[in-house]
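Report on one structure; see the data block that follows.
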Amino acid sequence: HTHTHTQWACVTSCVNLTCVCVCVCASGAAVCSQDQFRCASGKCITSRWVCDETDDCGDGSDELPESCGEKTCLLGQFSCGGRLNQCVSTRWRCDGKTDCENGADEQGCVLRTCTDEEFRCRSGQCVSLSFVCDSDSDCDDGSDEASCPVPTCSPGSFQCNNSVCVPRLWACDGDADCADGSDEWPQNCPGGTGQKPRTVCRDHEFLCASGECVHGSWRCDGTGDCADGSDEHNCTAPTCRPDEFLCNDGSCVPGMRQCDGNPDCRDHSDETDCVTVHACAGPGRFQCGSGECISADRVCDGQRDCRDGSDEPLKDCNTNECLTNNGGCSHTCSDLKMGYECVCPAGFHLINRTHCEDVDECADADRCTQICINLPGSFRCDCKDGFELDHMTKDCKAVTGSGAFLLFSTRHEVRKMALGSRTYTALIRRQKNVVALDVDVHNDTIFWSDLSLKKIYSAAAADPAHHSTVIDSRISRPEGLAVDWVHGNIYWTDGELRTVSVATADGSKRKTLVSEGLQNPRAIVVDPQRSFMFWTDWGEAARIERSGLNGADRTALVTDHIAWPNGVALDVLSGRLYWVDSKLHTLSSIGVNGDGRHTLIQDQHTLPHPLALAVFEEKVFWTDVSNNGIWSASRVTGRDVAAVAEHLQWAEDIVLYHSLRQPSGRDWCRDAAVLNGGCEFLCLPAPQTNTHSPKYTCACPDHLSLAADMRTCVSGASRPHRHLKGHAPKQSCPQKGSRSGQFLFLSDAPSFARVTHSTSVCLFTGNNAEQELVSNPSQHPRVLYVTLPIVAVCLLVVGSVLLWRHWRMKNTNTIHFTNPVYQKKTDDTVHIFRSPSLDGYSHPSCQMISVDEDAA
């Protein structure tokens with residue numbers, strides 16, 4: 001839009017999410033603001049783009065040495081000096097990564113000083129004193145475990161065979177808490193107290209010797225999926241028929257499907273090393289019209305080399321078509337021995353064989369980590385508020401908020417490690433079996449689930465030693481946990497109960513949202529700004545699903561090329577979902593709407609058995625139980641794989657702690673005019689699919705259902721959302737005597753009921769042995785709108801007929817004679833009156849009627 005003033009006009013132009021306001025004087029030259037740079041041509045660009053080795057002005061004036069020399073670093077920035085005089089954040093100074101072109105930000109750095117609570121390794125690394133002599137090498141050189149005395153356990157502890165001490169209550173409870181499993185050895189558990197009940201797997205699963213269950217189809221497929229590899233023991237070498245292709249995982253597919261462009265093997269091995277041979281392929285070959293191939297330098301050489309002479313056309317040889325109107329090319333015309341071709345500059349592609357069109361590099365969602373600005377022939381990456389672009393790596397780095405750090409669980413502990421550092425400390429100790437983990441940064445609260453104790457806990461990050469129990473009932477295997485930091489709720493998956501549930505942060509109110517169609521749900525993440533949640537399911541038909549935070553609008557997001565999706569993470573800023581697959585050994589990403597899927601890493605050595613992952617800035621982090629550590633890579637390219645922490649036992653979940661990872665949002669349940677959105681129980685955010693979507697809906701506990709006002713709760717179990725998009729859920733009728741406001745009961749007895757918009761009709765036959773849900777107008781509005789008018793018209797017609805008949809009977813007088821030939825004379829008098837007689841007539845006693853006998 002343009003605002004005209006007396007001396008200049010301000011023009012605001014927006015590209016994607018970046019808006020720039022330029023003030024133009026009456027003379028046409030631009031008036032740049034203080035945070036802008038004026039190019040030689042008069043164009044204004046942001047000062048952050050000056051001297052970044054990219055010509056943003058178009059005339060190169062923003063990259064001239066004199067322009068770089070004028071650049072002044074702001075408060076909180078470090079001046080690199082040198083040719084470009086770059087300015088980088090002071091937080092990047094001495095962080096072990098070169099950000100200045102000349103490396104000045106990493107020069108003159110002194111060795112980090114370990115605190116009183118840290119131990120300095122021989123390599124110079126600092127680790128927590130609590131990790132010294134704990135039989136777990138935390139120093140890269142193992143010096144924290146050198147020269148350690150034999151530990152002595154307290155009376156309330158059990159000493160493992162490797163000298164580690166664990167609480168005595170953990171010994172002989174059926175769970176191996178020692179790294180060597182010695183707390184469950186028969187000799188240490190007299191009377192068989194340590195015998196854990198044998199795991200019972202489902203019909204389609206295989207029981208590993210280590211106790212877990214995996215898909216039966218993974219047995220003897222060439223890849224060890226059990227923790228101890230027992231699914232590959234006593235397997236014979238796979239063989240396929242002569243007409244089949246042997247996949248790398250041992251499965252067989254029809255041979256004709258090899259190299260057909262569609263992967264049929266789970267590991268895509270049938271589509272690797274495929275070479276498509278094209279006739280006369282290569283720039284040095286020419287295909288004759290008669291089919292044979294000759295060398296390109298033999299074309300138009302005066303000799304007919306093709307049988308049909310197509311290599312020596314008289315009109316095309318030695319003719320420069322580019323001399324006439326540039327050959328019709330919009331840019332460059334390149335003359336060939338025979339004909340010509342149009343050539344486009346970098347950043348453009350050819351359309352209609354003659355015209356060049358700008359390539360929209362920003363169409364690739366992974367082109368930039370945050371903001372992509374398409375420019376003619378090129379593109380530029382930019383960052384959102386709170387981040388700054390690193391001109392060396394072109395990545396966005398956080399410059400506001402507290403320092404970022406990783407939280408990760410190692411079964412018995414929750415540990416904390418600053419981002420960019422290899423030093424970590426124990427935050428939450430002496431836990432039984434921590435699996436899932438998440439944080440509420442705004443409230444500085446940590447949530448975690450214990451798989452052995454079957455509970456969900458919370459604790460303040462400032463005081464992690466004192467924790468509270470959030471969920472301790474109707475929970476069996478909580479393997480996934482996510483915190484809605486905007487609305488103050490937690491969501492979790494239960495792999496044994498096969499459910500997805502929600503509860504308030506204190507656990508006082510809870511509800512099962514999804515209970516049907518789940519097989520092995522595991523990881524879960526939430527997007528409070530758009531009110532969606534995403535979860536993985538590694539059942540027989542593995543998938544990643546999405547639904548609203550109230551369980552509505554459920555749909556499958558990923559269903560193909562997925563087998564064992566363990567971990568999932570969401571980058572709220574870019575709107576992309578990341579997941580790891582432990583069976584296919586992949587790390588992939590996709591848009592939250594199911595578009596732009598990319599496989600970043602596919603490698604069995606890099607991802608032997610990944611479990612969980614987290615995303616921040618330009619990196620993705622994941623834990624791997626086979627590699628016993630935490631690893632990172634570029635979340636755009638999948639390259640630059642590096643170890644973040646190694647030698648970790650039982651590394652499970654991982655979470656990144658930073659305020660920018662959880663941007664603020666509006667809680668409509670609290671902003672509503674009435675308390676809790678007017679809901680009697682839970683107020684849950686509704687998925688924002690369009691501008692007409694409701695902001696929230698009410699929910700009741702599992703044993704109650706919503707009344708007709710859709711806010712209060714009445715008796716009758718409410719059913720969780722379970723239907724996929726496009727499939728209406730099948731409902732059941734409550735008990736006939738219930739007081740549910742959602743159902744209208746019809747039977748053979750006369751009845752009257754008021755039908756509301758949310759009323760369903762239940763038909764009962766006999767002695768209530770059968771009941772059927774006839775319709776649910778709230779889910780079938782079209783049927784409701786068509787049926788009700790027809791019923792109303794029919795009732796009106798029937799009522800009108802009945803009223804007319806009643807009026808006719810009331811106003812019609814009749815007389816009956818027993819003698820049909822009677823003829824009345826003029827002097828006869830007849831009195832007709834009403835009588836209760838069933839015959840319909842009466843003769844009055846006071847009046848005589850004389851009858852002429854002749855007439856009779």
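Ligands are numbered from 1 in the order shown, residues from 1 within each chain, and chains are lettered A, B, ... in the order they appear in the structure tokens.
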Could you give me, as CSV, a per-residue list for stretch 277-387 of chain A showing, wherever an atom lies at most 12 Å from an atom of stretch 47-59 of chain A, the closest pair of atoms and their distance in Å to one decimal, using only C-alpha atoms and sorting by chain then residue number from low to high?
residue,atom,partner,partner_atom,distance
A:Ile373,CA,A:Asp56,CA,11.8
A:Leu375,CA,A:Asp56,CA,9.5
A:Pro376,CA,A:Gly58,CA,10.5
A:Gly377,CA,A:Gly58,CA,11.6
A:Ser378,CA,A:Thr54,CA,10.2
A:Phe379,CA,A:Asp56,CA,10.1
A:Arg380,CA,A:Thr54,CA,9.0
A:Cys381,CA,A:Trp49,CA,10.5
A:Asp382,CA,A:Trp49,CA,9.7
A:Cys383,CA,A:Arg48,CA,11.0
Select from stretch 154-278 of chain A everything DSSP, run on the backbone, classes as helix (DSSP H, G or I), then give the selection as a ChimeraX atom specification.
/A:168-170,182-184,186-188,190-192,216-218,230-232,255-257,269-271
I'd like the neighbourhood of stretch 582-595 of chain A as a PDB file with N, CA and C atoms, in the first residue's frame, where a residue qualifies if any of its atoms comes within 7 Å (using only C-alpha atoms), though same-chain residues fewer than 6 positions away should be ignored.
ATOM      1  N   ASP A 267      13.385 -51.489   1.798  1.00  0.00           N
ATOM      2  CA  ASP A 267      14.603 -50.682   1.839  1.00  0.00           C
ATOM      3  C   ASP A 267      14.913 -50.014   0.504  1.00  0.00           C
ATOM      4  N   LEU A 557      -1.339 -38.765   7.920  1.00  0.00           N
ATOM      5  CA  LEU A 557      -0.428 -37.843   7.235  1.00  0.00           C
ATOM      6  C   LEU A 557       0.611 -38.595   6.403  1.00  0.00           C
ATOM      7  N   ALA A 563       7.819 -47.795   8.335  1.00  0.00           N
ATOM      8  CA  ALA A 563       7.733 -49.113   8.962  1.00  0.00           C
ATOM      9  C   ALA A 563       7.782 -49.045  10.489  1.00  0.00           C
ATOM     10  N   TRP A 564       8.747 -48.310  11.031  1.00  0.00           N
ATOM     11  CA  TRP A 564       8.926 -48.264  12.488  1.00  0.00           C
ATOM     12  C   TRP A 564       9.209 -46.832  12.924  1.00  0.00           C
ATOM     13  N   PRO A 565       8.210 -45.948  12.825  1.00  0.00           N
ATOM     14  CA  PRO A 565       8.432 -44.551  13.205  1.00  0.00           C
ATOM     15  C   PRO A 565       8.485 -44.407  14.717  1.00  0.00           C
ATOM     16  N   ASN A 566       9.678 -44.204  15.247  1.00  0.00           N
ATOM     17  CA  ASN A 566       9.851 -44.127  16.697  1.00  0.00           C
ATOM     18  C   ASN A 566       9.701 -42.708  17.225  1.00  0.00           C
ATOM     19  N   GLY A 575       6.786 -24.965  10.232  1.00  0.00           N
ATOM     20  CA  GLY A 575       5.640 -25.812   9.943  1.00  0.00           C
ATOM     21  C   GLY A 575       6.010 -27.132   9.309  1.00  0.00           C
ATOM     22  N   ARG A 576       7.113 -27.743   9.777  1.00  0.00           N
ATOM     23  CA  ARG A 576       7.550 -29.022   9.233  1.00  0.00           C
ATOM     24  C   ARG A 576       7.682 -30.048  10.352  1.00  0.00           C
ATOM     25  N   ILE A 601      18.202 -38.431   5.561  1.00  0.00           N
ATOM     26  CA  ILE A 601      19.249 -39.427   5.780  1.00  0.00           C
ATOM     27  C   ILE A 601      18.634 -40.805   5.618  1.00  0.00           C
ATOM     28  N   GLN A 602      19.312 -41.664   4.900  1.00  0.00           N
ATOM     29  CA  GLN A 602      18.935 -43.074   4.805  1.00  0.00           C
ATOM     30  C   GLN A 602      20.215 -43.899   4.832  1.00  0.00           C
ATOM     31  N   ASP A 603      20.578 -44.340   6.026  1.00  0.00           N
ATOM     32  CA  ASP A 603      21.841 -45.048   6.183  1.00  0.00           C
ATOM     33  C   ASP A 603      21.771 -45.901   7.445  1.00  0.00           C
ATOM     34  N   GLN A 604      22.070 -47.183   7.298  1.00  0.00           N
ATOM     35  CA  GLN A 604      21.982 -48.107   8.424  1.00  0.00           C
ATOM     36  C   GLN A 604      23.077 -47.858   9.450  1.00  0.00           C
ATOM     37  N   LEU A 607      22.005 -44.378  11.215  1.00  0.00           N
ATOM     38  CA  LEU A 607      20.762 -44.519  11.968  1.00  0.00           C
ATOM     39  C   LEU A 607      20.452 -45.998  12.195  1.00  0.00           C
ATOM     40  N   PRO A 608      21.271 -46.694  12.991  1.00  0.00           N
ATOM     41  CA  PRO A 608      20.986 -48.120  13.207  1.00  0.00           C
ATOM     42  C   PRO A 608      19.704 -48.351  14.002  1.00  0.00           C
ATOM     43  N   HIS A 609      19.460 -47.568  15.053  1.00  0.00           N
ATOM     44  CA  HIS A 609      18.227 -47.708  15.837  1.00  0.00           C
ATOM     45  C   HIS A 609      17.914 -46.385  16.535  1.00  0.00           C
ATOM     46  N   PRO A 610      17.480 -45.367  15.784  1.00  0.00           N
ATOM     47  CA  PRO A 610      17.146 -44.083  16.402  1.00  0.00           C
ATOM     48  C   PRO A 610      15.838 -44.183  17.180  1.00  0.00           C
TER      49      PRO A 610
END
Which of stretch 207-272 of chain A fall in strand (DSSP E or B), as a ChimeraX atom specification
/A:207,213-215,244-246,252-254
Nearby residues (only C-alpha atoms) at most 7 Å from A:Asp395, same-chain spacing under 4 positions excluded, as a PyMOL selection string:
chain A and resi 369+389-390+618
Go through A:Pro478, A:Pro701, A:Gly142, A:Pro238 one by one, measure the shortest atom-to-atom distance of each to A:Phe681 using only C-alpha atoms, and give the residue with the smallest value.
A:Pro701
Could you give me, as a PDB file with N, CA, C and O atoms, in the first residue's frame, the residues within 8 Å of stretch 329-343 of chain A, counting only C-alpha atoms and dropping anything in the same chain fewer than 6 positions from it?
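Output saved as around_35.pdb:
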ATOM      1  N   VAL A 299      27.937 -34.507 -38.158  1.00  0.00           N
ATOM      2  CA  VAL A 299      26.743 -33.833 -38.652  1.00  0.00           C
ATOM      3  C   VAL A 299      27.161 -32.581 -39.424  1.00  0.00           C
ATOM      4  O   VAL A 299      28.033 -31.819 -38.975  1.00  0.00           O
ATOM      5  N   CYS A 300      26.526 -32.394 -40.579  1.00  0.00           N
ATOM      6  CA  CYS A 300      26.802 -31.221 -41.429  1.00  0.00           C
ATOM      7  C   CYS A 300      28.288 -31.111 -41.792  1.00  0.00           C
ATOM      8  O   CYS A 300      28.871 -30.015 -41.769  1.00  0.00           O
ATOM      9  N   ASP A 316      19.211 -26.613 -43.012  1.00  0.00           N
ATOM     10  CA  ASP A 316      19.645 -26.387 -41.637  1.00  0.00           C
ATOM     11  C   ASP A 316      21.151 -26.303 -41.470  1.00  0.00           C
ATOM     12  O   ASP A 316      21.640 -25.671 -40.533  1.00  0.00           O
ATOM     13  N   CYS A 317      21.916 -26.946 -42.334  1.00  0.00           N
ATOM     14  CA  CYS A 317      23.373 -26.936 -42.183  1.00  0.00           C
ATOM     15  C   CYS A 317      23.944 -25.575 -42.587  1.00  0.00           C
ATOM     16  O   CYS A 317      23.503 -24.963 -43.575  1.00  0.00           O
ATOM     17  N   ASN A 318      24.910 -25.141 -41.813  1.00  0.00           N
ATOM     18  CA  ASN A 318      25.636 -23.897 -42.087  1.00  0.00           C
ATOM     19  C   ASN A 318      24.709 -22.686 -42.147  1.00  0.00           C
ATOM     20  O   ASN A 318      24.939 -21.742 -42.902  1.00  0.00           O
ATOM     21  N   THR A 319      23.623 -22.744 -41.356  1.00  0.00           N
ATOM     22  CA  THR A 319      22.693 -21.619 -41.262  1.00  0.00           C
ATOM     23  C   THR A 319      22.626 -21.168 -39.809  1.00  0.00           C
ATOM     24  O   THR A 319      22.363 -21.972 -38.915  1.00  0.00           O
ATOM     25  N   ASN A 320      22.881 -19.898 -39.592  1.00  0.00           N
ATOM     26  CA  ASN A 320      22.854 -19.351 -38.234  1.00  0.00           C
ATOM     27  C   ASN A 320      21.480 -18.724 -37.979  1.00  0.00           C
ATOM     28  O   ASN A 320      21.218 -17.585 -38.345  1.00  0.00           O
ATOM     29  N   GLU A 321      20.601 -19.504 -37.357  1.00  0.00           N
ATOM     30  CA  GLU A 321      19.256 -19.017 -37.097  1.00  0.00           C
ATOM     31  C   GLU A 321      19.243 -17.908 -36.052  1.00  0.00           C
ATOM     32  O   GLU A 321      18.257 -17.160 -35.950  1.00  0.00           O
ATOM     33  N   CYS A 322      20.302 -17.786 -35.248  1.00  0.00           N
ATOM     34  CA  CYS A 322      20.329 -16.783 -34.187  1.00  0.00           C
ATOM     35  C   CYS A 322      20.469 -15.360 -34.728  1.00  0.00           C
ATOM     36  O   CYS A 322      20.236 -14.402 -33.993  1.00  0.00           O
ATOM     37  N   LEU A 350      13.918 -23.017 -19.048  1.00  0.00           N
ATOM     38  CA  LEU A 350      13.348 -22.811 -20.376  1.00  0.00           C
ATOM     39  C   LEU A 350      11.923 -23.339 -20.434  1.00  0.00           C
ATOM     40  O   LEU A 350      11.640 -24.462 -20.013  1.00  0.00           O
ATOM     41  N   ARG A 353      10.407 -23.803 -25.165  1.00  0.00           N
ATOM     42  CA  ARG A 353      11.623 -23.946 -25.989  1.00  0.00           C
ATOM     43  C   ARG A 353      12.295 -22.628 -26.334  1.00  0.00           C
ATOM     44  O   ARG A 353      13.381 -22.622 -26.913  1.00  0.00           O
ATOM     45  N   THR A 354      11.683 -21.474 -26.012  1.00  0.00           N
ATOM     46  CA  THR A 354      12.279 -20.201 -26.393  1.00  0.00           C
ATOM     47  C   THR A 354      12.358 -19.199 -25.245  1.00  0.00           C
ATOM     48  O   THR A 354      13.244 -18.345 -25.246  1.00  0.00           O
ATOM     49  N   HIS A 355      11.482 -19.259 -24.287  1.00  0.00           N
ATOM     50  CA  HIS A 355      11.426 -18.243 -23.245  1.00  0.00           C
ATOM     51  C   HIS A 355      11.952 -18.794 -21.916  1.00  0.00           C
ATOM     52  O   HIS A 355      11.712 -19.953 -21.570  1.00  0.00           O
ATOM     53  N   CYS A 356      12.667 -17.937 -21.208  1.00  0.00           N
ATOM     54  CA  CYS A 356      13.222 -18.301 -19.903  1.00  0.00           C
ATOM     55  C   CYS A 356      12.340 -17.715 -18.804  1.00  0.00           C
ATOM     56  O   CYS A 356      11.944 -16.549 -18.867  1.00  0.00           O
TER      57      CYS A 356
END
Out of A:Arg266, A:Leu407, A:Ser473, A:Gly495, which residue has the shortest atom-to-atom distance to A:Asp581 when counting only C-alpha atoms?
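So, comparing all the options, the nearest one is A:Arg266.
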Excluding stretch 144-149 of chain A and any residue of its chain fewer than 3 positions from it, enumerate the residues within 8 Å of it, using only C-alpha atoms, and give them as a ChimeraX atom specification.
/A:119,121,131-139
Enter the distance from atom CA of A:Lys455 to atom CA of A:Val470, in Å, rounded to one decimal.
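It comes out at 7.5 Å.
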